[in-house]
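Source file start10.pdb; content: PDB, C-alpha atoms.
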```pdb
ATOM      1  CA  MET X   1      38.998 -50.456 -40.437
ATOM      2  CA  PHE X   2      35.331 -50.732 -39.449
ATOM      3  CA  SER X   3      34.933 -46.981 -39.985
ATOM      4  CA  LEU X   4      36.270 -47.306 -43.520
ATOM      5  CA  LEU X   5      33.917 -50.168 -44.312
ATOM      6  CA  TYR X   6      30.942 -48.405 -42.764
ATOM      7  CA  ARG X   7      31.599 -45.248 -44.761
ATOM      8  CA  MET X   8      32.102 -47.294 -47.915
ATOM      9  CA  VAL X   9      28.823 -49.229 -47.716
ATOM     10  CA  ARG X  10      26.812 -46.975 -45.352
ATOM     11  CA  ASP X  11      25.095 -49.946 -43.767
ATOM     12  CA  ARG X  12      26.109 -50.976 -40.234
ATOM     13  CA  ALA X  13      25.110 -54.615 -40.467
ATOM     14  CA  LEU X  14      26.747 -55.039 -43.837
ATOM     15  CA  ALA X  15      29.903 -53.253 -42.652
ATOM     16  CA  GLU X  16      30.074 -55.694 -39.726
ATOM     17  CA  ASP X  17      29.700 -58.644 -42.089
ATOM     18  CA  LEU X  18      32.509 -57.298 -44.269
ATOM     19  CA  ALA X  19      34.687 -56.557 -41.226
ATOM     20  CA  GLN X  20      34.086 -60.077 -39.979
ATOM     21  CA  GLU X  21      34.933 -61.491 -43.412
ATOM     22  CA  THR X  22      38.105 -59.382 -43.398
ATOM     23  CA  PHE X  23      39.296 -60.531 -39.976
ATOM     24  CA  VAL X  24      38.527 -64.165 -40.706
ATOM     25  CA  LYS X  25      40.565 -63.887 -43.930
ATOM     26  CA  VAL X  26      43.385 -62.164 -42.053
ATOM     27  CA  LEU X  27      43.483 -64.679 -39.211
ATOM     28  CA  ASN X  28      43.058 -67.741 -41.417
ATOM     29  CA  GLY X  29      45.554 -66.470 -43.952
ATOM     30  CA  ILE X  30      48.128 -65.122 -41.534
ATOM     31  CA  LYS X  31      50.787 -67.403 -43.061
ATOM     32  CA  SER X  32      50.461 -65.594 -46.377
ATOM     33  CA  TYR X  33      51.244 -62.252 -44.734
ATOM     34  CA  ARG X  34      54.493 -60.742 -46.021
ATOM     35  CA  PRO X  35      56.348 -58.884 -43.226
ATOM     36  CA  GLU X  36      57.716 -56.290 -45.664
ATOM     37  CA  PHE X  37      54.114 -55.100 -45.990
ATOM     38  CA  LYS X  38      52.722 -53.006 -43.112
ATOM     39  CA  PHE X  39      50.311 -55.251 -41.197
ATOM     40  CA  SER X  40      47.576 -52.622 -40.912
ATOM     41  CA  SER X  41      47.895 -51.891 -44.631
ATOM     42  CA  TRP X  42      47.362 -55.573 -45.357
ATOM     43  CA  ILE X  43      44.168 -55.536 -43.280
ATOM     44  CA  PHE X  44      42.936 -52.365 -44.973
ATOM     45  CA  LYS X  45      43.717 -53.864 -48.363
ATOM     46  CA  ILE X  46      41.559 -56.932 -47.636
ATOM     47  CA  ALA X  47      38.797 -54.778 -46.144
ATOM     48  CA  ASN X  48      38.797 -52.342 -49.028
ATOM     49  CA  ASN X  49      38.724 -55.164 -51.576
ATOM     50  CA  ALA X  50      35.749 -56.663 -49.746
ATOM     51  CA  ALA X  51      33.911 -53.337 -49.850
ATOM     52  CA  ILE X  52      34.720 -52.620 -53.486
ATOM     53  CA  ASP X  53      33.727 -56.163 -54.495
ATOM     54  CA  HIS X  54      30.457 -55.715 -52.669
ATOM     55  CA  LEU X  55      29.779 -52.342 -54.270
ATOM     56  CA  ARG X  56      30.522 -53.758 -57.687
ATOM     57  CA  ARG X  57      28.186 -56.692 -57.113
ATOM     58  CA  LYS X  58      25.303 -54.711 -55.719
ATOM     59  CA  SER X  59      23.712 -51.640 -57.141
ATOM     60  CA  ILE X  60      23.255 -49.974 -53.813
ATOM     61  CA  ASP X  61      22.674 -46.342 -53.106
ATOM     62  CA  THR X  62      26.201 -45.726 -51.856
ATOM     63  CA  LEU X  63      27.744 -46.433 -55.205
ATOM     64  CA  SER X  64      28.767 -43.365 -57.125
ATOM     65  CA  LEU X  65      25.933 -41.388 -58.588
ATOM     66  CA  ASP X  66      28.294 -40.079 -61.203
ATOM     67  CA  GLY X  67      29.147 -43.290 -62.991
ATOM     68  CA  SER X  68      32.340 -45.170 -63.668
ATOM     69  CA  PRO X  69      35.672 -43.450 -62.927
ATOM     70  CA  SER X  70      36.677 -44.226 -66.506
ATOM     71  CA  ALA X  71      33.615 -42.473 -67.933
ATOM     72  CA  GLU X  72      34.800 -39.391 -69.765
ATOM     73  CA  THR X  73      31.707 -38.084 -71.504
ATOM     74  CA  PRO X  74      28.313 -37.155 -70.016
ATOM     75  CA  GLU X  75      26.788 -40.051 -71.989
ATOM     76  CA  GLN X  76      29.246 -42.555 -70.505
ATOM     77  CA  MET X  77      28.654 -41.172 -67.024
ATOM     78  CA  ARG X  78      24.882 -41.462 -67.439
ATOM     79  CA  ALA X  79      25.208 -44.985 -68.808
ATOM     80  CA  THR X  80      27.308 -46.149 -65.848
ATOM     81  CA  SER X  81      25.605 -44.184 -63.087
ATOM     82  CA  LEU X  82      23.341 -45.768 -60.539
ATOM     83  CA  GLN X  83      19.973 -44.823 -59.225
ATOM     84  CA  LEU X  84      19.178 -44.341 -55.573
ATOM     85  CA  GLY X  85      17.257 -47.222 -54.114
ATOM     86  CA  ASP X  86      14.401 -46.839 -51.687
ATOM     87  CA  ARG X  87      15.370 -47.733 -48.149
ATOM     88  CA  ALA X  88      12.771 -48.560 -45.598
ATOM     89  CA  GLU X  89      13.161 -46.624 -42.350
ATOM     90  CA  SER X  90      14.077 -48.983 -39.536
ATOM     91  CA  PRO X  91      15.685 -48.381 -36.131
ATOM     92  CA  LEU X  92      19.029 -49.368 -37.637
ATOM     93  CA  ALA X  93      18.500 -47.004 -40.564
ATOM     94  CA  GLU X  94      17.788 -44.248 -38.071
ATOM     95  CA  VAL X  95      21.103 -44.940 -36.314
ATOM     96  CA  GLU X  96      22.837 -44.865 -39.679
ATOM     97  CA  ASN X  97      21.138 -41.606 -40.584
ATOM     98  CA  ARG X  98      22.285 -40.099 -37.304
ATOM     99  CA  GLU X  99      25.854 -41.379 -37.667
ATOM    100  CA  LEU X 100      26.275 -40.701 -41.370
ATOM    101  CA  GLY X 101      23.762 -37.908 -41.851
ATOM    102  CA  THR X 102      26.059 -34.890 -41.585
ATOM    103  CA  ALA X 103      26.851 -32.858 -44.676
ATOM    104  CA  ILE X 104      30.433 -34.095 -44.861
ATOM    105  CA  GLU X 105      29.342 -37.751 -44.536
ATOM    106  CA  ARG X 106      26.755 -37.293 -47.273
ATOM    107  CA  ALA X 107      29.353 -35.598 -49.446
ATOM    108  CA  ILE X 108      31.725 -38.547 -48.938
ATOM    109  CA  ALA X 109      28.924 -40.931 -49.906
ATOM    110  CA  ARG X 110      28.601 -39.181 -53.252
ATOM    111  CA  LEU X 111      32.225 -39.844 -54.167
ATOM    112  CA  ARG X 112      33.153 -42.698 -56.435
ATOM    113  CA  PRO X 113      34.245 -45.698 -54.306
ATOM    114  CA  GLU X 114      37.843 -45.403 -55.496
ATOM    115  CA  TYR X 115      37.991 -41.752 -54.448
ATOM    116  CA  ARG X 116      36.260 -42.553 -51.167
ATOM    117  CA  SER X 117      38.827 -45.220 -50.175
ATOM    118  CA  CYS X 118      41.698 -42.877 -50.919
ATOM    119  CA  ILE X 119      40.314 -39.846 -49.110
ATOM    120  CA  LEU X 120      39.334 -41.880 -46.035
ATOM    121  CA  LEU X 121      42.728 -43.567 -45.819
ATOM    122  CA  ARG X 122      44.471 -40.211 -46.226
ATOM    123  CA  HIS X 123      42.530 -37.962 -43.893
ATOM    124  CA  VAL X 124      40.660 -40.265 -41.515
ATOM    125  CA  GLU X 125      43.254 -43.018 -41.100
ATOM    126  CA  GLY X 126      46.236 -40.709 -41.615
ATOM    127  CA  TYR X 127      47.993 -42.805 -44.266
ATOM    128  CA  SER X 128      50.677 -41.247 -46.454
ATOM    129  CA  TYR X 129      50.193 -41.172 -50.210
ATOM    130  CA  GLU X 130      52.808 -43.923 -50.550
ATOM    131  CA  GLU X 131      51.055 -46.141 -48.013
ATOM    132  CA  ILE X 132      47.741 -45.662 -49.817
ATOM    133  CA  ALA X 133      49.332 -46.564 -53.137
ATOM    134  CA  GLU X 134      50.744 -49.732 -51.571
ATOM    135  CA  THR X 135      47.509 -50.608 -49.780
ATOM    136  CA  LEU X 136      45.248 -50.088 -52.784
ATOM    137  CA  ASP X 137      47.703 -51.327 -55.412
ATOM    138  CA  LEU X 138      47.502 -48.048 -57.280
ATOM    139  CA  PRO X 139      50.245 -45.929 -58.842
ATOM    140  CA  LEU X 140      51.257 -43.008 -56.622
ATOM    141  CA  GLY X 141      50.159 -40.494 -59.251
ATOM    142  CA  THR X 142      46.701 -42.055 -59.400
ATOM    143  CA  VAL X 143      46.350 -41.837 -55.621
ATOM    144  CA  LYS X 144      47.265 -38.147 -55.692
ATOM    145  CA  THR X 145      44.826 -37.489 -58.513
ATOM    146  CA  TYR X 146      41.998 -39.342 -56.742
ATOM    147  CA  ILE X 147      42.603 -37.481 -53.479
ATOM    148  CA  HIS X 148      42.781 -34.078 -55.112
ATOM    149  CA  ARG X 149      39.640 -34.747 -57.141
ATOM    150  CA  ALA X 150      37.856 -36.110 -54.095
ATOM    151  CA  ARG X 151      38.707 -33.045 -51.998
ATOM    152  CA  ASN X 152      37.611 -30.799 -54.823
ATOM    153  CA  GLU X 153      34.273 -32.613 -55.156
ATOM    154  CA  LEU X 154      33.743 -32.473 -51.382
ATOM    155  CA  ARG X 155      34.538 -28.787 -51.341
ATOM    156  CA  VAL X 156      32.132 -27.985 -54.164
ATOM    157  CA  TYR X 157      29.377 -30.063 -52.572
ATOM    158  CA  LEU X 158      29.847 -28.506 -49.130
ATOM    159  CA  GLU X 159      30.101 -24.962 -50.464
ATOM    160  CA  ASP X 160      26.981 -25.418 -52.588
ATOM    161  CA  ARG X 161      25.126 -26.508 -49.486
ATOM    162  CA  ARG X 162      26.304 -23.477 -47.508
ATOM    163  CA  ASP X 163      25.217 -21.009 -50.219
TER     164      ASP X 163
ATOM    165  CA  MET H   1      64.883 -23.817 -56.342
ATOM    166  CA  THR H   2      61.179 -22.920 -56.532
ATOM    167  CA  ASP H   3      60.097 -19.737 -58.243
ATOM    168  CA  ASN H   4      58.337 -17.857 -55.478
ATOM    169  CA  THR H   5      55.964 -16.194 -57.928
ATOM    170  CA  MET H   6      54.438 -19.598 -58.753
ATOM    171  CA  HIS H   7      51.089 -20.386 -57.173
ATOM    172  CA  LEU H   8      50.944 -23.162 -54.616
ATOM    173  CA  THR H   9      50.306 -26.678 -55.908
ATOM    174  CA  THR H  10      47.617 -28.849 -54.330
ATOM    175  CA  ASP H  11      50.369 -30.798 -52.571
ATOM    176  CA  GLU H  12      51.750 -27.585 -51.112
ATOM    177  CA  ILE H  13      48.310 -26.466 -49.998
ATOM    178  CA  GLU H  14      47.911 -29.768 -48.158
ATOM    179  CA  LEU H  15      51.300 -29.235 -46.527
ATOM    180  CA  TRP H  16      50.209 -25.754 -45.462
ATOM    181  CA  ALA H  17      46.974 -27.117 -43.997
ATOM    182  CA  GLN H  18      49.114 -29.481 -41.922
ATOM    183  CA  GLY H  19      51.485 -26.691 -40.904
ATOM    184  CA  LEU H  20      54.301 -28.223 -42.948
ATOM    185  CA  LEU H  21      54.732 -25.751 -45.791
ATOM    186  CA  PRO H  22      58.394 -24.651 -46.196
ATOM    187  CA  ALA H  23      58.977 -21.050 -45.169
ATOM    188  CA  ALA H  24      60.013 -20.037 -48.681
ATOM    189  CA  ARG H  25      56.629 -21.022 -50.069
ATOM    190  CA  ALA H  26      54.796 -19.535 -47.104
ATOM    191  CA  ILE H  27      56.139 -16.192 -48.247
ATOM    192  CA  HIS H  28      54.292 -16.609 -51.530
ATOM    193  CA  LEU H  29      51.137 -17.530 -49.659
ATOM    194  CA  ALA H  30      51.389 -14.390 -47.549
ATOM    195  CA  ASP H  31      51.655 -12.286 -50.688
ATOM    196  CA  CYS H  32      49.116 -14.039 -52.902
ATOM    197  CA  SER H  33      45.434 -13.535 -52.122
ATOM    198  CA  LEU H  34      44.464 -16.096 -54.773
ATOM    199  CA  CYS H  35      46.463 -18.845 -53.060
ATOM    200  CA  ARG H  36      45.242 -17.795 -49.610
ATOM    201  CA  VAL H  37      41.596 -18.133 -50.652
ATOM    202  CA  GLU H  38      42.275 -21.494 -52.294
ATOM    203  CA  ALA H  39      44.291 -22.741 -49.321
ATOM    204  CA  GLU H  40      41.642 -21.666 -46.845
ATOM    205  CA  ARG H  41      38.907 -23.496 -48.785
ATOM    206  CA  GLU H  42      41.047 -26.619 -48.892
ATOM    207  CA  ARG H  43      41.852 -26.409 -45.203
ATOM    208  CA  LYS H  44      38.171 -26.320 -44.277
ATOM    209  CA  VAL H  45      37.536 -29.617 -46.068
ATOM    210  CA  ILE H  46      40.636 -31.264 -44.622
ATOM    211  CA  LEU H  47      39.630 -30.118 -41.146
ATOM    212  CA  GLU H  48      36.158 -31.608 -41.557
ATOM    213  CA  LEU H  49      37.668 -34.890 -42.726
ATOM    214  CA  VAL H  50      40.207 -35.254 -39.928
ATOM    215  CA  GLN H  51      37.509 -34.531 -37.337
ATOM    216  CA  LEU H  52      35.253 -37.344 -38.527
ATOM    217  CA  PRO H  53      34.421 -39.791 -35.740
ATOM    218  CA  LYS H  54      35.693 -43.357 -35.659
ATOM    219  CA  PHE H  55      33.004 -46.007 -35.514
ATOM    220  CA  ALA H  56      33.166 -49.376 -33.797
ATOM    221  CA  PRO H  57      31.237 -52.562 -34.493
ATOM    222  CA  ASN H  58      28.573 -53.684 -32.057
ATOM    223  CA  ALA H  59      29.359 -55.673 -28.928
ATOM    224  CA  GLY H  60      30.159 -59.326 -29.502
ATOM    225  CA  PHE H  61      31.914 -58.653 -32.787
ATOM    226  CA  ALA H  62      35.235 -60.164 -31.686
ATOM    227  CA  ASP H  63      33.485 -63.314 -30.443
ATOM    228  CA  ARG H  64      31.692 -63.692 -33.762
ATOM    229  CA  VAL H  65      34.986 -63.402 -35.618
ATOM    230  CA  MET H  66      36.850 -65.831 -33.378
ATOM    231  CA  ALA H  67      34.041 -68.364 -33.735
ATOM    232  CA  GLN H  68      34.879 -68.553 -37.423
ATOM    233  CA  VAL H  69      38.645 -68.685 -37.158
ATOM    234  CA  LYS H  70      40.362 -72.020 -37.621
ATOM    235  CA  VAL H  71      42.378 -72.915 -34.546
ATOM    236  CA  HIS H  72      45.511 -74.948 -35.107
ATOM    237  CA  ALA H  73      45.217 -77.871 -32.722
ATOM    238  CA  PRO H  74      48.404 -79.401 -31.238
ATOM    239  CA  SER H  75      47.688 -82.583 -33.177
ATOM    240  CA  GLY H  76      48.037 -80.670 -36.424
ATOM    241  CA  ASP H  77      44.332 -80.793 -37.212
ATOM    242  CA  TRP H  78      42.509 -77.617 -38.175
ATOM    243  CA  THR H  79      39.220 -77.140 -36.446
ATOM    244  CA  ALA H  80      36.749 -74.367 -37.075
TER     245      ALA H  80
END
```

Structure translated into structure tokens:
Amino acid sequence: MFSLLYRMVRDRALAEDLAQETFVKVLNGIKSYRPEFKFSSWIFKIANNAAIDHLRRKSIDTLSLDGSPSAETPEQMRATSLQLGDRAESPLAEVENRELGTAIERAIARLRPEYRSCILLRHVEGYSYEEIAETLDLPLGTVKTYIHRARNELRVYLEDRRD
Amino acid sequence: MTDNTMHLTTDEIELWAQGLLPAARAIHLADCSLCRVEAERERKVILELVQLPKFAPNAGFADRVMAQVKVHAPSGDWTA
């Protein structure tokens, strides 16, 4: 769960804050847990919501550079895209650069947050499409579309870099 | 029954990358260079993703969480 948060926000300290917030919510709200829901999915759902809420609130550099997922025209994408912020180099930033500085990590960072959650749950956490749909409250078809688009974007980005 | 002349879908390519593609469809893959190229490109990305490292929070994380969790006291009071 921490890995998901870290890759979503690309900031160790912030990921720890969100992980802490998630566990406190889980432990304090354990009575609201429904056993028909997979326990780990419930935790991921709370964690992912915390990350997405944060990304929506803050215009940070990990948010999609390509604009809103609902943007369909280049104008809409430009209007909803975000600019990279300047980040001061600190020891922690250096650790983050080392941990998240590989080509694949940078490619993941360029994905829209919704795509990023899906692709990480699928291939890093090993969730099935159905489990992802349940965890993220998304229709199964949407999950499949997001994952296929995400893989395609990653592939294009990685192949461009190799050329 | 699937028409074996049809190209592999993205779902089928993912199954192939996981070694789960049904034999009937694997026959198409063996015969179709277009699908093989596409499947190989997809497999490279999937392989990179599944090999990503897991990260852990810094030491003391669990203590920091537990310090904020309400503990149900025997008296019925909730204390932070």

Hits of the PyMOL selection byres ((chain X) within 7 of (chain H)) in this structure, as a ChimeraX atom specification: /X:2-3,16,20,23-24,27-28,123-124,151,155

Contact residues around stretch 94-100 of chain X with all atoms listed in the file at 12 Å, ignoring same-chain residues under 2 positions, as a PyMOL selection string: (chain X and resi 3+6-15+62+87-92+102-109) or (chain H and resi 52-56)

For the residues in that selection, give me C-alpha atoms as a compact mmCIF listing (two decimals), in the coordinates of the input.
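Dumped everything to part16.txt:
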```txt
# COMPACT_ATOMS: atom_id res chain seq x y z
CA SER X 3 34.93 -46.98 -39.98
CA TYR X 6 30.94 -48.40 -42.76
CA ARG X 7 31.60 -45.25 -44.76
CA MET X 8 32.10 -47.29 -47.92
CA VAL X 9 28.82 -49.23 -47.72
CA ARG X 10 26.81 -46.98 -45.35
CA ASP X 11 25.10 -49.95 -43.77
CA ARG X 12 26.11 -50.98 -40.23
CA ALA X 13 25.11 -54.62 -40.47
CA LEU X 14 26.75 -55.04 -43.84
CA ALA X 15 29.90 -53.25 -42.65
CA THR X 62 26.20 -45.73 -51.86
CA ARG X 87 15.37 -47.73 -48.15
CA ALA X 88 12.77 -48.56 -45.60
CA GLU X 89 13.16 -46.62 -42.35
CA SER X 90 14.08 -48.98 -39.54
CA PRO X 91 15.68 -48.38 -36.13
CA LEU X 92 19.03 -49.37 -37.64
CA THR X 102 26.06 -34.89 -41.58
CA ALA X 103 26.85 -32.86 -44.68
CA ILE X 104 30.43 -34.10 -44.86
CA GLU X 105 29.34 -37.75 -44.54
CA ARG X 106 26.76 -37.29 -47.27
CA ALA X 107 29.35 -35.60 -49.45
CA ILE X 108 31.72 -38.55 -48.94
CA ALA X 109 28.92 -40.93 -49.91
CA LEU H 52 35.25 -37.34 -38.53
CA PRO H 53 34.42 -39.79 -35.74
CA LYS H 54 35.69 -43.36 -35.66
CA PHE H 55 33.00 -46.01 -35.51
CA ALA H 56 33.17 -49.38 -33.80
```

Selected residue, from X:Glu36, X:Glu21, X:Glu159, X:Glu153, that lies nearest to X:Ile119 when counting all atoms listed in the file: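 Among the listed residues, the smallest separation from X:Ile119 belongs to X:Glu153.
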
Selected residue, from X:Tyr157, X:Trp42, X:Phe37, X:Tyr146, that lies nearest to X:Arg122 when counting only C-alpha atoms: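 Closest to X:Arg122, using only C-alpha atoms: X:Tyr146.
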
Nearest to H:Arg25, chosen from H:Val37, H:Thr9, H:Ala59, H:Asn4, with all atoms listed in the file counted in the distances: H:Asn4

Atom-to-atom span, atom CA of H:His7 and atom CA of H:Cys35, Å: 6.4 Å

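Note that atom CA of X:Leu136 and atom CA of X:Arg34 are 15.6 Å apart.
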
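Note that atom CA of X:Ala51 and atom CA of H:Gly60 are 21.5 Å apart.
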
Explicit residue set for the PyMOL selection byres ((chain H and resi 6) around 12), as a list in words: Met1, Thr2, Asp3, Asn4, Thr5, His7, Leu8, Thr9, Glu12, Ala24, Arg25, Ala26, Ile27, His28, Leu29, Asp31, Cys32, Leu34 and Cys35 of chain H

Hey, can I get the axis-aligned box for stretch 37-43 of chain H? All listed atoms, 3 Å padding on each side, centre and edge lengths in Å to one decimal, as AutoDock Vina command-line options.
```
--center_x 41.6 --center_y -22.4 --center_z -48.7 --size_x 11.4 --size_y 14.5 --size_z 13.1
```

Given the PyMOL selection byres ((chain X and resi 1) around 8), the residues it picks as a PyMOL selection string: chain X and resi 2-5+19+43-44+47

Writer output for current selection, C-alpha atoms, as an mmCIF file, in the frame of the given file:
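As written to disk, again.cif reads:
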```
data_model
loop_
_atom_site.group_PDB
_atom_site.id
_atom_site.type_symbol
_atom_site.label_atom_id
_atom_site.label_comp_id
_atom_site.auth_asym_id
_atom_site.auth_seq_id
_atom_site.Cartn_x
_atom_site.Cartn_y
_atom_site.Cartn_z
ATOM 1 C CA PHE X 2 35.331 -50.732 -39.449
ATOM 2 C CA SER X 3 34.933 -46.981 -39.985
ATOM 3 C CA LEU X 4 36.270 -47.306 -43.520
ATOM 4 C CA LEU X 5 33.917 -50.168 -44.312
ATOM 5 C CA ALA X 19 34.687 -56.557 -41.226
ATOM 6 C CA ILE X 43 44.168 -55.536 -43.280
ATOM 7 C CA PHE X 44 42.936 -52.365 -44.973
ATOM 8 C CA ALA X 47 38.797 -54.778 -46.144
#
```

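Among X:Leu154, X:Leu111, X:Cys118, X:Ile52, the residue with the shortest atom-to-atom distance to X:Thr142, counting only C-alpha atoms, is X:Cys118.
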